[in-house]
$ cat model19.cif   # mmCIF, C-alpha atoms and all ligand atoms
data_model
#
loop_
_atom_site.label_atom_id
_atom_site.label_comp_id
_atom_site.auth_asym_id
_atom_site.auth_seq_id
_atom_site.Cartn_x
_atom_site.Cartn_y
_atom_site.Cartn_z
CA MET A 1 -169.14 0.13 99.13
CA ILE A 2 -172.85 0.20 99.89
CA ASN A 3 -172.70 3.68 101.45
CA THR A 4 -171.09 5.27 98.44
CA VAL A 5 -173.83 4.30 95.98
CA GLU A 6 -177.00 6.30 95.47
CA PHE A 7 -179.35 3.46 94.65
CA SER A 8 -182.36 5.73 94.26
CA LYS A 9 -180.70 7.22 91.16
CA LEU A 10 -180.20 3.83 89.52
CA SER A 11 -182.63 2.05 87.25
CA ILE A 12 -183.31 -1.60 88.06
CA GLN A 13 -181.13 -2.65 85.14
CA GLU A 14 -178.23 -0.51 86.46
CA MET A 15 -178.73 -1.94 89.95
CA ILE A 16 -178.52 -5.47 88.57
CA LYS A 17 -175.34 -4.61 86.64
CA PHE A 18 -173.90 -3.19 89.86
CA ILE A 19 -174.75 -6.34 91.85
CA ILE A 20 -173.17 -8.63 89.26
CA LYS A 21 -170.00 -6.56 88.90
CA THR A 22 -169.49 -5.68 92.58
CA TYR A 23 -170.60 -8.92 94.23
CA HIS A 24 -171.31 -11.87 91.95
CA GLU A 25 -168.09 -11.69 89.91
CA PRO A 26 -165.74 -11.36 92.95
CA LEU A 27 -167.70 -14.09 94.80
CA LYS A 28 -167.15 -16.51 91.94
CA LYS A 29 -163.39 -15.92 92.33
CA LEU A 30 -163.38 -16.21 96.14
CA LEU A 31 -164.98 -19.66 96.26
CA PRO A 32 -162.06 -21.54 94.60
CA GLU A 33 -159.56 -19.54 96.70
CA ILE A 34 -161.21 -20.77 99.91
CA LYS A 35 -161.12 -24.33 98.60
CA ILE A 36 -157.35 -24.07 98.01
CA GLN A 37 -156.72 -22.74 101.52
CA LEU A 38 -158.95 -25.42 103.04
CA GLU A 39 -157.03 -28.16 101.26
CA LYS A 40 -153.76 -26.88 102.77
CA ILE A 41 -155.11 -27.19 106.34
CA LYS A 42 -155.40 -30.94 105.91
CA HIS A 43 -151.61 -31.23 105.77
CA PHE A 44 -151.16 -29.97 109.33
CA PRO A 45 -153.13 -32.55 111.37
CA GLU A 46 -151.43 -31.70 114.67
CA LYS A 47 -152.31 -28.01 114.38
CA PHE A 48 -155.98 -28.21 113.57
CA HIS A 49 -159.10 -29.99 114.70
CA LEU A 50 -159.42 -32.27 111.72
CA GLU A 51 -162.92 -33.39 112.65
CA ASN A 52 -163.88 -29.74 112.15
CA PHE A 53 -161.99 -29.71 108.91
CA TRP A 54 -164.08 -32.54 107.43
CA MET A 55 -167.30 -30.88 108.57
CA ILE A 56 -166.21 -27.59 107.03
CA LYS A 57 -165.23 -29.29 103.80
CA GLU A 58 -168.59 -31.02 103.48
CA LEU A 59 -170.56 -27.93 104.46
CA PHE A 60 -168.51 -25.75 102.16
CA GLU A 61 -169.15 -28.05 99.19
CA GLN A 62 -172.91 -27.87 99.79
CA PHE A 63 -172.71 -24.11 100.26
CA GLU A 64 -170.66 -23.64 97.10
CA SER A 65 -173.06 -25.67 95.02
CA GLU A 66 -176.13 -23.85 96.43
CA LEU A 67 -174.55 -20.45 95.96
CA SER A 68 -173.37 -21.14 92.41
CA THR A 69 -176.81 -22.40 91.36
CA HIS A 70 -178.45 -19.43 93.07
CA ILE A 71 -176.21 -16.86 91.35
CA LEU A 72 -176.62 -18.53 87.94
CA ARG A 73 -180.41 -18.61 88.28
CA GLU A 74 -180.51 -14.95 89.31
CA GLU A 75 -178.29 -13.83 86.45
CA ASN A 76 -179.75 -15.98 83.68
CA LYS A 77 -183.41 -16.19 84.59
CA PHE A 78 -184.60 -13.92 87.40
CA TYR A 79 -182.75 -10.71 86.48
CA ALA A 80 -183.55 -11.21 82.80
CA GLU A 81 -187.29 -11.29 83.61
CA ILE A 82 -187.01 -8.25 85.88
CA ILE A 83 -185.28 -6.21 83.17
CA LYS A 84 -188.10 -7.15 80.77
CA LEU A 85 -190.62 -6.04 83.40
CA GLU A 86 -188.85 -2.68 83.78
CA LYS A 87 -188.87 -2.22 79.98
CA LYS A 88 -192.60 -2.97 80.08
CA GLU A 89 -192.14 -6.03 77.90
CA LYS A 90 -194.48 -8.97 78.26
CA VAL A 91 -193.56 -11.12 81.27
CA ASP A 92 -195.17 -13.93 83.17
CA LYS A 93 -195.77 -12.32 86.57
CA LYS A 94 -196.34 -15.71 88.15
CA ILE A 95 -192.76 -16.72 87.27
CA ILE A 96 -191.38 -13.54 88.83
CA GLU A 97 -193.47 -14.15 91.94
CA GLU A 98 -192.06 -17.70 92.21
CA PHE A 99 -188.51 -16.39 91.74
CA LEU A 100 -189.02 -13.82 94.49
CA ASP A 101 -190.21 -16.51 96.91
CA LEU A 102 -187.40 -18.89 95.99
CA GLN A 103 -184.82 -16.11 96.26
CA LYS A 104 -186.01 -15.24 99.77
CA THR A 105 -185.71 -18.87 100.89
CA GLU A 106 -182.28 -19.33 99.30
CA HIS A 107 -180.92 -16.11 100.80
CA SER A 108 -181.80 -17.26 104.28
CA GLU A 109 -180.28 -20.70 103.58
CA ILE A 110 -177.07 -19.04 102.34
CA ASP A 111 -177.07 -16.89 105.48
CA SER A 112 -177.23 -19.91 107.76
CA TYR A 113 -174.45 -21.68 105.81
CA LEU A 114 -172.30 -18.58 106.24
CA TYR A 115 -172.96 -18.45 109.95
CA SER A 116 -172.15 -22.14 110.52
CA LEU A 117 -169.03 -22.06 108.35
CA LYS A 118 -167.72 -18.95 110.07
CA LYS A 119 -168.14 -20.56 113.49
CA LEU A 120 -166.46 -23.81 112.42
CA ILE A 121 -163.56 -22.09 110.67
CA PHE A 122 -162.79 -19.94 113.68
CA GLU A 123 -162.74 -23.01 115.92
CA LEU A 124 -160.48 -24.94 113.59
CA SER A 125 -157.14 -24.11 115.14
CA THR A 126 -155.97 -26.05 118.19
CA ASN A 127 -153.86 -23.05 119.20
CA ASN A 128 -154.67 -19.56 120.10
CA VAL A 129 -152.96 -18.12 117.05
CA TRP A 130 -152.98 -14.63 118.54
CA ASN A 131 -150.51 -15.79 121.17
CA ILE A 132 -147.97 -16.99 118.66
CA LYS A 133 -145.11 -14.52 118.30
CA LYS A 134 -143.47 -15.96 115.22
CA TRP A 135 -145.90 -17.47 112.80
CA ASN A 136 -145.05 -20.52 110.76
CA SER A 137 -146.66 -21.65 107.53
CA GLU A 138 -149.55 -23.42 109.31
CA GLU A 139 -150.59 -20.24 111.06
CA TRP A 140 -150.25 -18.28 107.85
CA THR A 141 -152.43 -20.79 106.04
CA PHE A 142 -155.04 -20.50 108.76
CA GLU A 143 -154.88 -16.70 108.75
CA GLU A 144 -155.21 -16.63 104.99
CA LEU A 145 -158.25 -18.92 105.14
CA LYS A 146 -159.88 -16.75 107.80
CA LYS A 147 -159.13 -13.59 105.84
CA ILE A 148 -160.59 -14.88 102.57
CA PHE A 149 -163.61 -16.35 104.31
CA HIS A 150 -164.23 -13.10 106.15
CA THR A 151 -164.17 -11.20 102.84
CA LEU A 152 -166.65 -13.70 101.39
CA TYR A 153 -168.85 -13.30 104.47
CA LEU A 154 -168.91 -9.50 104.23
CA GLU A 155 -169.41 -9.36 100.47
CA LEU A 156 -172.16 -11.95 100.44
CA SER A 157 -174.01 -10.44 103.40
CA GLU A 158 -173.92 -7.03 101.74
CA CYS A 159 -175.11 -8.50 98.42
CA ILE A 160 -178.03 -10.27 100.09
CA TYR A 161 -178.95 -7.10 101.97
CA ILE A 162 -179.05 -5.06 98.74
CA GLU A 163 -181.10 -7.71 96.94
CA ASN A 164 -183.55 -8.30 99.78
CA THR A 165 -184.20 -4.70 100.66
CA ILE A 166 -183.24 -2.23 97.93
CA LEU A 167 -183.66 -4.24 94.71
CA ASN A 168 -186.71 -6.24 95.70
CA LEU A 169 -188.51 -3.16 96.94
CA GLU A 170 -188.05 -1.56 93.51
CA ILE A 171 -189.26 -4.76 91.85
CA GLU A 172 -192.33 -4.95 94.05
CA GLU A 173 -193.19 -1.36 93.17
CA LEU A 174 -193.03 -2.20 89.47
CA PHE A 175 -194.91 -5.38 90.03
CA TRP A 176 -197.96 -4.28 91.92
FE FE A 201 -179.07 -13.49 95.61
#
$ encode --input "model19.cif" --output "structure tokens"
Amino acid sequence: MINTVEFSKLSIQEMIKFIIKTYHEPLKKLLPEIKIQLEKIKHFPEKFHLENFWMIKELFEQFESELSTHILREENKFYAEIIKLEKKEKVDKKIIEEFLDLQKTEHSEIDSYLYSLKKLIFELSTNNVWNIKKWNSEEWTFEELKKIFHTLYLELSECIYIENTILNLEIEELFW
């Protein structure tokens, strides 16, 4: 996705619209899907490391709450201020500066949640699922969970990259 967009041709407002439509909206749908798949794992105690399961569940709940708050704040407060700045309307630059700092911190926190969750999820199965010739429902559940989580991982990493580098560079240019 990222390679097909000419960001230099977009205004900041268009870039924000793109981020919300391409990343934020799908991410909001992926979070509950992962929760559903995670819940299913619990029903196959002999197939999975359940101690990992409980760690994943707890970590995922923290991650979900952090991410949802982060996205809401960006959409409702941060982006709204940035659009005003681009339109040369009166803004409190101190607030934008604080948002930029907070955003940086939260992005790196989200990154480390993603990394830990990915590691734990991939170690969840007690079997080497790749060696199983005929998959049963447990393996399918696990595969589905991995697939959805992997999509979340890719989408979110790309979103953070665009915000941290492309969007924030444009904002800083406007700002200073
Ligand atoms: Fe963000």
$ residues_near_ligand --input "model19.cif" --ligand "ligand FE 201 (chain A)" --cutoff "12 Å" --atoms "all atoms listed in the file" --output "JSON, numbers by chain"
{"A": [16, 19, 20, 23, 24, 27, 66, 67, 68, 69, 70, 71, 72, 73, 74, 75, 78, 79, 99, 100, 101, 102, 103, 104, 105, 106, 107, 108, 109, 110, 111, 155, 156, 157, 158, 159, 160, 161, 162, 163, 164, 165, 167, 168]}
$ atom_distance --input "model19.cif" --atom1 "CA of Ser8 (chain A)" --atom2 "CA of Ile96 (chain A)"
22.0 Å
$ closest_residue --input "model19.cif" --among "A:Leu124, A:Met15, A:Phe53, A:Phe175" --to "Ile95 (chain A)" --atoms "all atoms listed in the file"
A:Phe175
$ atom_distance --input "model19.cif" --atom1 "CA of Glu33 (chain A)" --atom2 "CA of Lys77 (chain A)"
27.0 Å
$ closest_residue --input "model19.cif" --among "A:Ile171, A:Leu31, A:Leu10, A:Asn52" --to "Ser65 (chain A)" --atoms "all atoms listed in the file"
A:Leu31
$ atom_distance --input "model19.cif" --atom1 "CA of Ile12 (chain A)" --atom2 "CA of Lys94 (chain A)"
19.2 Å
$ closest_residue --input "model19.cif" --among "A:Ile41, A:Lys28, A:Val5, A:Lys93" --to "Glu143 (chain A)" --atoms "only C-alpha atoms"
A:Ile41
$ build_atoms --input "model19.cif" --residues "region 85-120 of chain A" --atoms "N, CA and C atoms" --output "PDB file, in the coordinates of the input"
ATOM      1  N   LEU A  85    -189.516  -6.680  82.682  1.00  0.00           N
ATOM      2  CA  LEU A  85    -190.620  -6.040  83.400  1.00  0.00           C
ATOM      3  C   LEU A  85    -190.409  -4.518  83.437  1.00  0.00           C
ATOM      4  N   GLU A  86    -189.160  -4.109  83.719  1.00  0.00           N
ATOM      5  CA  GLU A  86    -188.850  -2.680  83.780  1.00  0.00           C
ATOM      6  C   GLU A  86    -189.042  -2.016  82.408  1.00  0.00           C
ATOM      7  N   LYS A  87    -188.718  -2.767  81.347  1.00  0.00           N
ATOM      8  CA  LYS A  87    -188.870  -2.220  79.980  1.00  0.00           C
ATOM      9  C   LYS A  87    -190.312  -2.330  79.488  1.00  0.00           C
ATOM     10  N   LYS A  88    -191.177  -2.777  80.381  1.00  0.00           N
ATOM     11  CA  LYS A  88    -192.600  -2.970  80.080  1.00  0.00           C
ATOM     12  C   LYS A  88    -192.838  -3.983  78.962  1.00  0.00           C
ATOM     13  N   GLU A  89    -191.931  -4.941  78.856  1.00  0.00           N
ATOM     14  CA  GLU A  89    -192.140  -6.030  77.900  1.00  0.00           C
ATOM     15  C   GLU A  89    -193.037  -7.069  78.547  1.00  0.00           C
ATOM     16  N   LYS A  90    -193.549  -7.970  77.731  1.00  0.00           N
ATOM     17  CA  LYS A  90    -194.480  -8.970  78.260  1.00  0.00           C
ATOM     18  C   LYS A  90    -193.723  -9.992  79.144  1.00  0.00           C
ATOM     19  N   VAL A  91    -194.180 -10.131  80.372  1.00  0.00           N
ATOM     20  CA  VAL A  91    -193.560 -11.120  81.270  1.00  0.00           C
ATOM     21  C   VAL A  91    -194.644 -11.933  81.955  1.00  0.00           C
ATOM     22  N   ASP A  92    -194.241 -13.113  82.405  1.00  0.00           N
ATOM     23  CA  ASP A  92    -195.170 -13.930  83.170  1.00  0.00           C
ATOM     24  C   ASP A  92    -194.971 -13.569  84.646  1.00  0.00           C
ATOM     25  N   LYS A  93    -195.926 -12.811  85.198  1.00  0.00           N
ATOM     26  CA  LYS A  93    -195.770 -12.320  86.570  1.00  0.00           C
ATOM     27  C   LYS A  93    -195.717 -13.455  87.593  1.00  0.00           C
ATOM     28  N   LYS A  94    -196.353 -14.562  87.244  1.00  0.00           N
ATOM     29  CA  LYS A  94    -196.340 -15.710  88.150  1.00  0.00           C
ATOM     30  C   LYS A  94    -194.906 -16.248  88.324  1.00  0.00           C
ATOM     31  N   ILE A  95    -194.159 -16.246  87.211  1.00  0.00           N
ATOM     32  CA  ILE A  95    -192.760 -16.720  87.270  1.00  0.00           C
ATOM     33  C   ILE A  95    -191.940 -15.801  88.162  1.00  0.00           C
ATOM     34  N   ILE A  96    -192.128 -14.496  88.000  1.00  0.00           N
ATOM     35  CA  ILE A  96    -191.380 -13.540  88.830  1.00  0.00           C
ATOM     36  C   ILE A  96    -191.736 -13.731  90.307  1.00  0.00           C
ATOM     37  N   GLU A  97    -193.009 -13.941  90.566  1.00  0.00           N
ATOM     38  CA  GLU A  97    -193.470 -14.150  91.940  1.00  0.00           C
ATOM     39  C   GLU A  97    -192.788 -15.393  92.549  1.00  0.00           C
ATOM     40  N   GLU A  98    -192.714 -16.461  91.733  1.00  0.00           N
ATOM     41  CA  GLU A  98    -192.060 -17.700  92.210  1.00  0.00           C
ATOM     42  C   GLU A  98    -190.573 -17.464  92.463  1.00  0.00           C
ATOM     43  N   PHE A  99    -189.935 -16.702  91.560  1.00  0.00           N
ATOM     44  CA  PHE A  99    -188.510 -16.390  91.740  1.00  0.00           C
ATOM     45  C   PHE A  99    -188.293 -15.614  93.034  1.00  0.00           C
ATOM     46  N   LEU A 100    -189.167 -14.646  93.291  1.00  0.00           N
ATOM     47  CA  LEU A 100    -189.020 -13.820  94.490  1.00  0.00           C
ATOM     48  C   LEU A 100    -189.104 -14.671  95.763  1.00  0.00           C
ATOM     49  N   ASP A 101    -190.053 -15.619  95.752  1.00  0.00           N
ATOM     50  CA  ASP A 101    -190.210 -16.510  96.910  1.00  0.00           C
ATOM     51  C   ASP A 101    -188.984 -17.406  97.087  1.00  0.00           C
ATOM     52  N   LEU A 102    -188.551 -17.987  95.960  1.00  0.00           N
ATOM     53  CA  LEU A 102    -187.400 -18.890  95.990  1.00  0.00           C
ATOM     54  C   LEU A 102    -186.143 -18.135  96.435  1.00  0.00           C
ATOM     55  N   GLN A 103    -185.992 -16.919  95.924  1.00  0.00           N
ATOM     56  CA  GLN A 103    -184.820 -16.110  96.260  1.00  0.00           C
ATOM     57  C   GLN A 103    -184.764 -15.839  97.769  1.00  0.00           C
ATOM     58  N   LYS A 104    -185.930 -15.520  98.338  1.00  0.00           N
ATOM     59  CA  LYS A 104    -186.010 -15.240  99.770  1.00  0.00           C
ATOM     60  C   LYS A 104    -185.544 -16.469 100.574  1.00  0.00           C
ATOM     61  N   THR A 105    -186.080 -17.631 100.195  1.00  0.00           N
ATOM     62  CA  THR A 105    -185.710 -18.870 100.890  1.00  0.00           C
ATOM     63  C   THR A 105    -184.216 -19.148 100.752  1.00  0.00           C
ATOM     64  N   GLU A 106    -183.703 -19.019  99.523  1.00  0.00           N
ATOM     65  CA  GLU A 106    -182.280 -19.330  99.300  1.00  0.00           C
ATOM     66  C   GLU A 106    -181.373 -18.349 100.029  1.00  0.00           C
ATOM     67  N   HIS A 107    -181.749 -17.076 100.073  1.00  0.00           N
ATOM     68  CA  HIS A 107    -180.920 -16.110 100.800  1.00  0.00           C
ATOM     69  C   HIS A 107    -180.811 -16.480 102.276  1.00  0.00           C
ATOM     70  N   SER A 108    -181.908 -16.931 102.858  1.00  0.00           N
ATOM     71  CA  SER A 108    -181.800 -17.260 104.280  1.00  0.00           C
ATOM     72  C   SER A 108    -181.021 -18.571 104.474  1.00  0.00           C
ATOM     73  N   GLU A 109    -181.113 -19.480 103.502  1.00  0.00           N
ATOM     74  CA  GLU A 109    -180.280 -20.700 103.580  1.00  0.00           C
ATOM     75  C   GLU A 109    -178.791 -20.339 103.478  1.00  0.00           C
ATOM     76  N   ILE A 110    -178.467 -19.462 102.528  1.00  0.00           N
ATOM     77  CA  ILE A 110    -177.070 -19.040 102.340  1.00  0.00           C
ATOM     78  C   ILE A 110    -176.561 -18.372 103.623  1.00  0.00           C
ATOM     79  N   ASP A 111    -177.403 -17.547 104.222  1.00  0.00           N
ATOM     80  CA  ASP A 111    -177.070 -16.890 105.480  1.00  0.00           C
ATOM     81  C   ASP A 111    -176.726 -17.890 106.582  1.00  0.00           C
ATOM     82  N   SER A 112    -177.512 -18.953 106.671  1.00  0.00           N
ATOM     83  CA  SER A 112    -177.230 -19.910 107.760  1.00  0.00           C
ATOM     84  C   SER A 112    -175.989 -20.746 107.442  1.00  0.00           C
ATOM     85  N   TYR A 113    -175.721 -21.023 106.166  1.00  0.00           N
ATOM     86  CA  TYR A 113    -174.450 -21.680 105.810  1.00  0.00           C
ATOM     87  C   TYR A 113    -173.281 -20.806 106.230  1.00  0.00           C
ATOM     88  N   LEU A 114    -173.384 -19.513 105.912  1.00  0.00           N
ATOM     89  CA  LEU A 114    -172.300 -18.580 106.240  1.00  0.00           C
ATOM     90  C   LEU A 114    -172.028 -18.565 107.733  1.00  0.00           C
ATOM     91  N   TYR A 115    -173.101 -18.515 108.499  1.00  0.00           N
ATOM     92  CA  TYR A 115    -172.960 -18.450 109.950  1.00  0.00           C
ATOM     93  C   TYR A 115    -172.271 -19.717 110.491  1.00  0.00           C
ATOM     94  N   SER A 116    -172.725 -20.884 110.044  1.00  0.00           N
ATOM     95  CA  SER A 116    -172.150 -22.140 110.520  1.00  0.00           C
ATOM     96  C   SER A 116    -170.687 -22.279 110.097  1.00  0.00           C
ATOM     97  N   LEU A 117    -170.402 -21.931 108.841  1.00  0.00           N
ATOM     98  CA  LEU A 117    -169.030 -22.060 108.350  1.00  0.00           C
ATOM     99  C   LEU A 117    -168.087 -21.126 109.113  1.00  0.00           C
ATOM    100  N   LYS A 118    -168.551 -19.922 109.362  1.00  0.00           N
ATOM    101  CA  LYS A 118    -167.720 -18.950 110.070  1.00  0.00           C
ATOM    102  C   LYS A 118    -167.354 -19.492 111.461  1.00  0.00           C
ATOM    103  N   LYS A 119    -168.354 -20.028 112.143  1.00  0.00           N
ATOM    104  CA  LYS A 119    -168.140 -20.560 113.490  1.00  0.00           C
ATOM    105  C   LYS A 119    -167.128 -21.715 113.445  1.00  0.00           C
ATOM    106  N   LEU A 120    -167.334 -22.644 112.526  1.00  0.00           N
ATOM    107  CA  LEU A 120    -166.460 -23.810 112.420  1.00  0.00           C
ATOM    108  C   LEU A 120    -165.027 -23.424 112.041  1.00  0.00           C
TER     109      LEU A 120
END
